[in-house]
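Engineer: File query.cif below, mmCIF, C-alpha atoms and all ligand atoms:
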data_work
#
loop_
_atom_site.group_PDB
_atom_site.id
_atom_site.type_symbol
_atom_site.label_atom_id
_atom_site.label_comp_id
_atom_site.auth_asym_id
_atom_site.auth_seq_id
_atom_site.Cartn_x
_atom_site.Cartn_y
_atom_site.Cartn_z
ATOM 1 C CA MET A 1 -4.161 6.485 10.650
ATOM 2 C CA LYS A 2 -2.518 3.421 9.170
ATOM 3 C CA ILE A 3 -5.118 1.276 7.509
ATOM 4 C CA ILE A 4 -5.367 -1.380 4.827
ATOM 5 C CA LEU A 5 -8.587 -1.335 2.801
ATOM 6 C CA LEU A 6 -9.616 -4.735 1.501
ATOM 7 C CA GLY A 7 -12.494 -5.424 -0.842
ATOM 8 C CA ALA A 8 -13.408 -6.557 -4.331
ATOM 9 C CA PRO A 9 -12.860 -4.265 -7.326
ATOM 10 C CA GLY A 10 -15.684 -1.724 -7.151
ATOM 11 C CA ALA A 11 -16.218 -2.102 -3.386
ATOM 12 C CA GLY A 12 -15.356 1.567 -2.943
ATOM 13 C CA LYS A 13 -11.805 1.324 -1.555
ATOM 14 C CA GLY A 14 -10.670 4.380 -3.506
ATOM 15 C CA THR A 15 -13.670 6.493 -2.535
ATOM 16 C CA VAL A 16 -13.375 5.569 1.135
ATOM 17 C CA ALA A 17 -9.604 6.201 1.083
ATOM 18 C CA LYS A 18 -10.090 9.675 -0.429
ATOM 19 C CA MET A 19 -12.707 10.537 2.215
ATOM 20 C CA LEU A 20 -10.406 9.366 5.027
ATOM 21 C CA THR A 21 -7.410 11.417 3.826
ATOM 22 C CA ALA A 22 -9.456 14.555 4.498
ATOM 23 C CA LEU A 23 -9.649 13.655 8.208
ATOM 24 C CA ASP A 24 -6.013 13.759 9.274
ATOM 25 C CA GLY A 25 -3.710 14.211 6.309
ATOM 26 C CA SER A 26 -3.010 10.508 5.870
ATOM 27 C CA VAL A 27 -2.175 9.716 2.246
ATOM 28 C CA GLN A 28 -4.021 7.358 -0.083
ATOM 29 C CA ILE A 29 -1.702 4.827 -1.683
ATOM 30 C CA SER A 30 -3.394 3.115 -4.607
ATOM 31 C CA THR A 31 -1.180 0.614 -6.392
ATOM 32 C CA GLY A 32 -3.655 0.662 -9.306
ATOM 33 C CA ASP A 33 -3.251 4.460 -9.663
ATOM 34 C CA ILE A 34 0.532 4.173 -9.392
ATOM 35 C CA LEU A 35 0.617 1.453 -12.070
ATOM 36 C CA ARG A 36 -1.713 3.349 -14.441
ATOM 37 C CA GLY A 37 0.566 6.377 -14.022
ATOM 38 C CA GLU A 38 3.592 4.263 -14.974
ATOM 39 C CA VAL A 39 1.765 2.840 -18.012
ATOM 40 C CA GLN A 40 0.823 6.331 -19.167
ATOM 41 C CA ALA A 41 4.376 7.560 -18.654
ATOM 42 C CA GLY A 42 5.668 4.612 -20.705
ATOM 43 C CA SER A 43 8.257 3.668 -18.059
ATOM 44 C CA ASP A 44 9.924 0.230 -17.930
ATOM 45 C CA LEU A 45 7.693 -0.626 -15.000
ATOM 46 C CA GLY A 46 4.617 0.493 -16.937
ATOM 47 C CA ARG A 47 5.570 -1.554 -19.974
ATOM 48 C CA GLU A 48 6.015 -4.613 -17.797
ATOM 49 C CA ALA A 49 2.694 -4.139 -16.004
ATOM 50 C CA GLU A 50 0.495 -3.155 -18.942
ATOM 51 C CA GLY A 51 -0.365 -6.583 -20.353
ATOM 52 C CA TYR A 52 -1.325 -8.051 -16.990
ATOM 53 C CA MET A 53 -3.518 -5.073 -16.183
ATOM 54 C CA LYS A 54 -5.348 -5.086 -19.515
ATOM 55 C CA ARG A 55 -6.319 -8.718 -19.020
ATOM 56 C CA GLY A 56 -7.411 -8.151 -15.431
ATOM 57 C CA ASP A 57 -4.541 -10.269 -14.078
ATOM 58 C CA LEU A 58 -2.423 -9.247 -11.128
ATOM 59 C CA VAL A 59 1.036 -7.919 -11.876
ATOM 60 C CA PRO A 60 3.864 -9.976 -10.310
ATOM 61 C CA ASP A 61 4.339 -9.636 -6.541
ATOM 62 C CA SER A 62 8.018 -8.686 -6.918
ATOM 63 C CA LEU A 63 7.118 -5.657 -9.015
ATOM 64 C CA ILE A 64 4.527 -4.451 -6.502
ATOM 65 C CA MET A 65 6.798 -5.003 -3.499
ATOM 66 C CA GLY A 66 9.512 -2.920 -5.167
ATOM 67 C CA ILE A 67 7.049 -0.045 -5.574
ATOM 68 C CA MET A 68 5.655 -0.312 -2.054
ATOM 69 C CA GLU A 69 8.946 -0.623 -0.236
ATOM 70 C CA LYS A 70 9.924 2.784 -1.624
ATOM 71 C CA ARG A 71 6.485 4.335 -1.322
ATOM 72 C CA LEU A 72 6.038 3.530 2.381
ATOM 73 C CA GLN A 73 9.319 5.255 3.206
ATOM 74 C CA ALA A 74 8.387 8.525 1.512
ATOM 75 C CA PRO A 75 8.085 11.430 4.001
ATOM 76 C CA ASP A 76 4.368 11.970 3.287
ATOM 77 C CA CYS A 77 3.588 8.581 4.881
ATOM 78 C CA GLN A 78 4.633 9.827 8.326
ATOM 79 C CA LYS A 79 1.151 11.113 9.153
ATOM 80 C CA GLY A 80 -0.388 7.845 8.077
ATOM 81 C CA PHE A 81 -1.616 6.032 4.988
ATOM 82 C CA LEU A 82 -4.557 4.192 3.501
ATOM 83 C CA LEU A 83 -3.509 1.255 1.411
ATOM 84 C CA ASP A 84 -5.984 0.846 -1.440
ATOM 85 C CA GLY A 85 -5.413 -2.202 -3.625
ATOM 86 C CA PHE A 86 -2.401 -3.556 -1.736
ATOM 87 C CA PRO A 87 -1.727 -6.195 -0.515
ATOM 88 C CA ARG A 88 -3.581 -8.309 -3.042
ATOM 89 C CA THR A 89 -2.085 -11.772 -2.440
ATOM 90 C CA VAL A 90 -0.979 -13.735 0.624
ATOM 91 C CA PRO A 91 2.722 -13.448 -0.355
ATOM 92 C CA GLN A 92 2.315 -9.652 -0.626
ATOM 93 C CA ALA A 93 0.678 -9.602 2.835
ATOM 94 C CA GLU A 94 3.510 -11.653 4.298
ATOM 95 C CA GLU A 95 6.165 -9.426 2.750
ATOM 96 C CA LEU A 96 4.299 -6.331 3.920
ATOM 97 C CA LYS A 97 4.248 -7.674 7.463
ATOM 98 C CA ALA A 98 8.023 -8.080 7.407
ATOM 99 C CA LEU A 99 8.504 -4.664 5.798
ATOM 100 C CA LEU A 100 6.329 -2.881 8.388
ATOM 101 C CA ALA A 101 8.181 -4.635 11.208
ATOM 102 C CA LYS A 102 11.486 -3.505 9.678
ATOM 103 C CA LEU A 103 10.260 0.093 9.393
ATOM 104 C CA GLY A 104 8.705 0.050 12.882
ATOM 105 C CA ILE A 105 5.223 0.802 11.539
ATOM 106 C CA VAL A 106 2.148 -0.504 13.394
ATOM 107 C CA LEU A 107 -1.181 -0.807 11.554
ATOM 108 C CA ASP A 108 -4.407 0.417 13.186
ATOM 109 C CA MET A 109 -6.592 -2.076 11.369
ATOM 110 C CA VAL A 110 -7.512 -3.808 8.147
ATOM 111 C CA VAL A 111 -11.010 -2.983 6.926
ATOM 112 C CA ASN A 112 -12.810 -5.416 4.683
ATOM 113 C CA ILE A 113 -15.411 -3.513 2.677
ATOM 114 C CA ASP A 114 -18.053 -6.111 1.970
ATOM 115 C CA VAL A 115 -20.429 -5.249 -0.880
ATOM 116 C CA PRO A 116 -22.861 -7.633 -2.640
ATOM 117 C CA THR A 117 -21.706 -8.903 -6.048
ATOM 118 C CA ASP A 118 -24.678 -7.519 -7.992
ATOM 119 C CA VAL A 119 -23.906 -4.019 -6.685
ATOM 120 C CA ILE A 120 -20.219 -4.469 -7.589
ATOM 121 C CA LEU A 121 -20.997 -5.560 -11.147
ATOM 122 C CA ASP A 122 -23.367 -2.680 -11.711
ATOM 123 C CA ARG A 123 -20.806 -0.200 -10.355
ATOM 124 C CA LEU A 124 -17.912 -1.451 -12.451
ATOM 125 C CA CYS A 125 -19.862 -1.362 -15.713
ATOM 126 C CA THR A 126 -20.979 2.222 -15.102
ATOM 127 C CA ARG A 127 -17.692 3.494 -13.628
ATOM 128 C CA ARG A 128 -15.687 6.090 -15.554
ATOM 129 C CA THR A 129 -12.214 7.400 -14.686
ATOM 130 C CA CYS A 130 -10.395 10.642 -15.499
ATOM 131 C CA ALA A 131 -7.712 9.818 -18.082
ATOM 132 C CA ASN A 132 -5.205 12.230 -16.527
ATOM 133 C CA ALA A 133 -2.713 10.099 -14.559
ATOM 134 C CA GLY A 134 -2.228 12.897 -12.033
ATOM 135 C CA CYS A 135 -5.957 13.069 -11.297
ATOM 136 C CA GLN A 136 -7.746 9.740 -11.898
ATOM 137 C CA ALA A 137 -10.999 11.104 -10.410
ATOM 138 C CA ILE A 138 -13.766 8.516 -10.413
ATOM 139 C CA TYR A 139 -17.251 9.051 -11.817
ATOM 140 C CA ASN A 140 -20.313 6.925 -12.444
ATOM 141 C CA VAL A 141 -22.561 7.469 -15.450
ATOM 142 C CA LYS A 142 -25.642 6.745 -13.341
ATOM 143 C CA SER A 143 -24.964 7.963 -9.808
ATOM 144 C CA ASN A 144 -22.151 10.519 -10.161
ATOM 145 C CA PRO A 145 -21.680 11.789 -13.725
ATOM 146 C CA PRO A 146 -19.288 14.668 -14.456
ATOM 147 C CA LYS A 147 -21.062 18.041 -14.814
ATOM 148 C CA LYS A 148 -20.091 18.185 -18.499
ATOM 149 C CA GLU A 149 -20.433 14.800 -20.179
ATOM 150 C CA GLY A 150 -17.092 13.084 -20.722
ATOM 151 C CA ILE A 151 -15.059 15.897 -19.115
ATOM 152 C CA CYS A 152 -13.468 15.716 -15.651
ATOM 153 C CA ASP A 153 -14.896 18.333 -13.226
ATOM 154 C CA LYS A 154 -11.554 18.617 -11.454
ATOM 155 C CA CYS A 155 -9.045 18.925 -14.293
ATOM 156 C CA GLY A 156 -10.907 19.133 -17.628
ATOM 157 C CA SER A 157 -9.336 15.957 -19.065
ATOM 158 C CA PRO A 158 -11.443 13.315 -20.830
ATOM 159 C CA VAL A 159 -13.340 10.891 -18.604
ATOM 160 C CA ILE A 160 -13.037 7.376 -20.019
ATOM 161 C CA GLN A 161 -13.906 3.747 -19.403
ATOM 162 C CA ARG A 162 -10.754 1.920 -18.278
ATOM 163 C CA ASP A 163 -9.270 -0.745 -20.587
ATOM 164 C CA ASP A 164 -9.868 -3.317 -17.876
ATOM 165 C CA GLU A 165 -13.500 -2.305 -17.445
ATOM 166 C CA THR A 166 -14.933 -4.339 -20.280
ATOM 167 C CA GLU A 167 -17.280 -7.156 -19.251
ATOM 168 C CA THR A 168 -14.677 -9.884 -19.918
ATOM 169 C CA ALA A 169 -11.944 -8.139 -17.968
ATOM 170 C CA ILE A 170 -14.325 -7.302 -15.105
ATOM 171 C CA ASN A 171 -15.360 -10.951 -14.730
ATOM 172 C CA HIS A 172 -11.715 -11.948 -14.790
ATOM 173 C CA ARG A 173 -10.818 -9.353 -12.129
ATOM 174 C CA LEU A 174 -13.599 -10.615 -9.872
ATOM 175 C CA ALA A 175 -12.450 -14.235 -10.297
ATOM 176 C CA THR A 176 -8.873 -13.139 -9.533
ATOM 177 C CA TYR A 177 -10.125 -11.320 -6.453
ATOM 178 C CA ASN A 178 -11.937 -14.421 -5.192
ATOM 179 C CA SER A 179 -9.009 -16.755 -5.684
ATOM 180 C CA LYS A 180 -6.019 -14.538 -4.805
ATOM 181 C CA THR A 181 -7.214 -11.662 -2.631
ATOM 182 C CA ALA A 182 -10.192 -12.958 -0.621
ATOM 183 C CA PRO A 183 -7.847 -15.276 1.389
ATOM 184 C CA LEU A 184 -6.401 -12.113 2.965
ATOM 185 C CA ILE A 185 -9.604 -11.800 4.998
ATOM 186 C CA GLY A 186 -8.604 -14.966 6.883
ATOM 187 C CA PHE A 187 -4.978 -13.842 7.022
ATOM 188 C CA TYR A 188 -5.814 -10.568 8.789
ATOM 189 C CA GLU A 189 -8.431 -12.185 10.986
ATOM 190 C CA LYS A 190 -5.669 -14.399 12.371
ATOM 191 C CA GLU A 191 -3.465 -11.338 12.832
ATOM 192 C CA GLY A 192 -6.256 -9.847 14.949
ATOM 193 C CA LEU A 193 -6.478 -6.782 12.708
ATOM 194 C CA LEU A 194 -9.646 -7.406 10.701
ATOM 195 C CA LYS A 195 -12.785 -5.255 10.836
ATOM 196 C CA THR A 196 -15.641 -5.815 8.434
ATOM 197 C CA ALA A 197 -17.712 -2.920 7.124
ATOM 198 C CA VAL A 198 -20.821 -4.184 5.432
ATOM 199 C CA GLY A 199 -22.442 -1.606 3.308
ATOM 200 C CA THR A 200 -23.115 -0.174 -0.048
ATOM 201 C CA SER A 201 -22.593 3.405 1.064
ATOM 202 C CA SER A 202 -19.055 4.757 1.379
ATOM 203 C CA ASP A 203 -20.303 7.326 3.929
ATOM 204 C CA ALA A 204 -21.396 4.498 6.224
ATOM 205 C CA VAL A 205 -18.040 2.746 5.806
ATOM 206 C CA VAL A 206 -16.170 5.955 6.697
ATOM 207 C CA SER A 207 -18.381 6.501 9.793
ATOM 208 C CA ALA A 208 -17.723 2.933 10.934
ATOM 209 C CA ILE A 209 -13.958 3.409 10.559
ATOM 210 C CA LYS A 210 -14.077 6.717 12.442
ATOM 211 C CA ALA A 211 -16.013 5.073 15.281
ATOM 212 C CA GLU A 212 -13.487 2.236 15.397
ATOM 213 C CA LEU A 213 -10.609 4.736 15.641
ATOM 214 C CA GLY A 214 -12.454 6.549 18.398
ATOM 215 C CA ARG A 215 -12.697 9.892 16.571
HETATM 216 P P1 LIG B 1 -9.623 -2.462 -8.893
HETATM 217 O O1 LIG B 1 -9.455 -2.499 -7.403
HETATM 218 O O2 LIG B 1 -10.758 -1.633 -9.331
HETATM 219 O O3 LIG B 1 -9.561 -3.805 -9.554
HETATM 220 P P2 LIG B 1 -6.984 -1.231 -9.180
HETATM 221 O O4 LIG B 1 -6.954 0.125 -9.736
HETATM 222 O O5 LIG B 1 -6.723 -1.418 -7.730
HETATM 223 O O6 LIG B 1 -8.407 -1.776 -9.589
HETATM 224 O O7 LIG B 1 -5.980 -2.191 -9.974
HETATM 225 C C1 LIG B 1 -5.975 -2.264 -11.370
HETATM 226 C C2 LIG B 1 -5.009 -3.347 -11.826
HETATM 227 O O8 LIG B 1 -3.686 -3.032 -11.388
HETATM 228 C C3 LIG B 1 -5.279 -4.737 -11.260
HETATM 229 O O9 LIG B 1 -6.234 -5.437 -12.008
HETATM 230 C C4 LIG B 1 -3.874 -5.364 -11.355
HETATM 231 O O10 LIG B 1 -3.560 -5.751 -12.668
HETATM 232 C C5 LIG B 1 -2.968 -4.210 -11.000
HETATM 233 N N1 LIG B 1 -2.683 -4.149 -9.540
HETATM 234 C C6 LIG B 1 -3.033 -3.153 -8.679
HETATM 235 N N2 LIG B 1 -2.601 -3.412 -7.428
HETATM 236 C C7 LIG B 1 -1.966 -4.608 -7.479
HETATM 237 C C8 LIG B 1 -1.312 -5.427 -6.500
HETATM 238 N N3 LIG B 1 -1.219 -5.064 -5.206
HETATM 239 N N4 LIG B 1 -0.786 -6.605 -6.917
HETATM 240 C C9 LIG B 1 -0.861 -6.991 -8.201
HETATM 241 N N5 LIG B 1 -1.469 -6.275 -9.169
HETATM 242 C C10 LIG B 1 -2.013 -5.090 -8.822
HETATM 243 ZN ZN ZN B 2 -9.313 14.766 -13.797
#
Starting from the coordinates I provided, produce the structure as structure tokens.
Ligand code: ADP
Ligand code: ZN
Structural biologist:
Amino acid sequence: MKIILLGAPGAGKGTVAKMLTALDGSVQISTGDILRGEVQAGSDLGREAEGYMKRGDLVPDSLIMGIMEKRLQAPDCQKGFLLDGFPRTVPQAEELKALLAKLGIVLDMVVNIDVPTDVILDRLCTRRTCANAGCQAIYNVKSNPPKKEGICDKCGSPVIQRDDETETAINHRLATYNSKTAPLIGFYEKEGLLKTAVGTSSDAVVSAIKAELGR
């Protein structure tokens, strides 16, 4: 499947993407995970992105497009992909459209995961992430804590609160989402690709996507 997942920070894009990869071997492509990996590795790209990310600002479109142009041509994308956190601005969506046309890739759909703001805020404040760049498993201190406090079940690395998950940065990320990313809902509606999945449960979102794909 070739799907774009839209939704505010904390809407569950990453969780839904991970669940969908299990269905048919499509890969999850999270620009946030890629960028955090670059920051941890201390690469040029990481150094450039770090400040923006810490503040909850978007990194420049040109940087993201450079990453994605390469990523979408990697062999593991042949079976399909779930874009999680990209595109994030109208210019990114326009450039992606041109890139997909150039590569001869046709999207199945764009799913907007619509979750109420109070649920989002609660989730982001209680979210914890595995610090290992190669893992980045997601936990929640209330609803899905690791078996051993502060330790990732999957890889044994520390489970931490992200730098951009302080209250100030969270509010800034949500404001950025509303001004820069929410317009993509209209963009993809016009393209005839938009499906909306209302729901606070990722299971329900996955079922809705499966039904839409006819599987
Ligand atoms: P969330 O969806 O929870 O906000 P992500 O992990 O997707 O978090 O992204 C974390 C940060 O990485 C963003 O706040 C932003 O700084 C940067 N980022 C990720 N994807 C993009 C993108 N497509 N365009 C610009 N910045 C991005
Ligand atoms: Zn881990």
Engineer: Smallest atom-to-atom distance to Asp122 in chain A: which of A:Leu103, A:Val141, A:Lys148, A:Asp44, using all atoms listed in the file?
Structural biologist: A:Val141
Engineer: List, as an MDAnalysis selection string, every residue that the PyMOL selection byres (((chain A and resi 130) around 12) and not hetatm) selects in the file provided.
Structural biologist: chainID A and resid 33 36:37 127:129 131:140 145:146 149:162
Engineer: How would you report the residues lying within 6 Å of ligand LIG 1 (chain B), as a list in words, if you count only C-alpha atoms and all ligand atoms?
Structural biologist: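 My answer, listing the contacting residues, is Pro9, Gly10, Thr31, Gly32, Asp33, Tyr52, Met53, Gly56, Asp57, Leu58, Val59, Pro60, Asp61, Ile64, Gly85, Phe86, Pro87 and Arg88 of chain A.
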Engineer: What would the selection look like, as number ranges by chain, if the PyMOL selection byres (((chain A and resi 1) around 7) and not hetatm) were run on the coordinates I just shared?
Structural biologist: A: 2-3, 26, 80-81, 108
Engineer: Interatomic distance between CA of Leu184 in chain A and CA of Ala197 in chain A?
Structural biologist: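 About the pair CA of Leu184 in chain A and CA of Ala197 in chain A: they are 15.2 Å apart.
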Engineer: Go ahead and compute the interatomic distance for CA of Asp164 in chain A and CA of Val111 in chain A, in Å to one decimal.
Structural biologist: 24.8 Å
Engineer: Give the answer as one residue: which of A:Arg173, A:Lys97, A:Lys13, A:Lys18 has the shortest atom-to-atom distance to Leu193 in chain A, using only C-alpha atoms?
Structural biologist: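 Counting only C-alpha atoms, the residue closest to Leu193 in chain A is A:Lys97.
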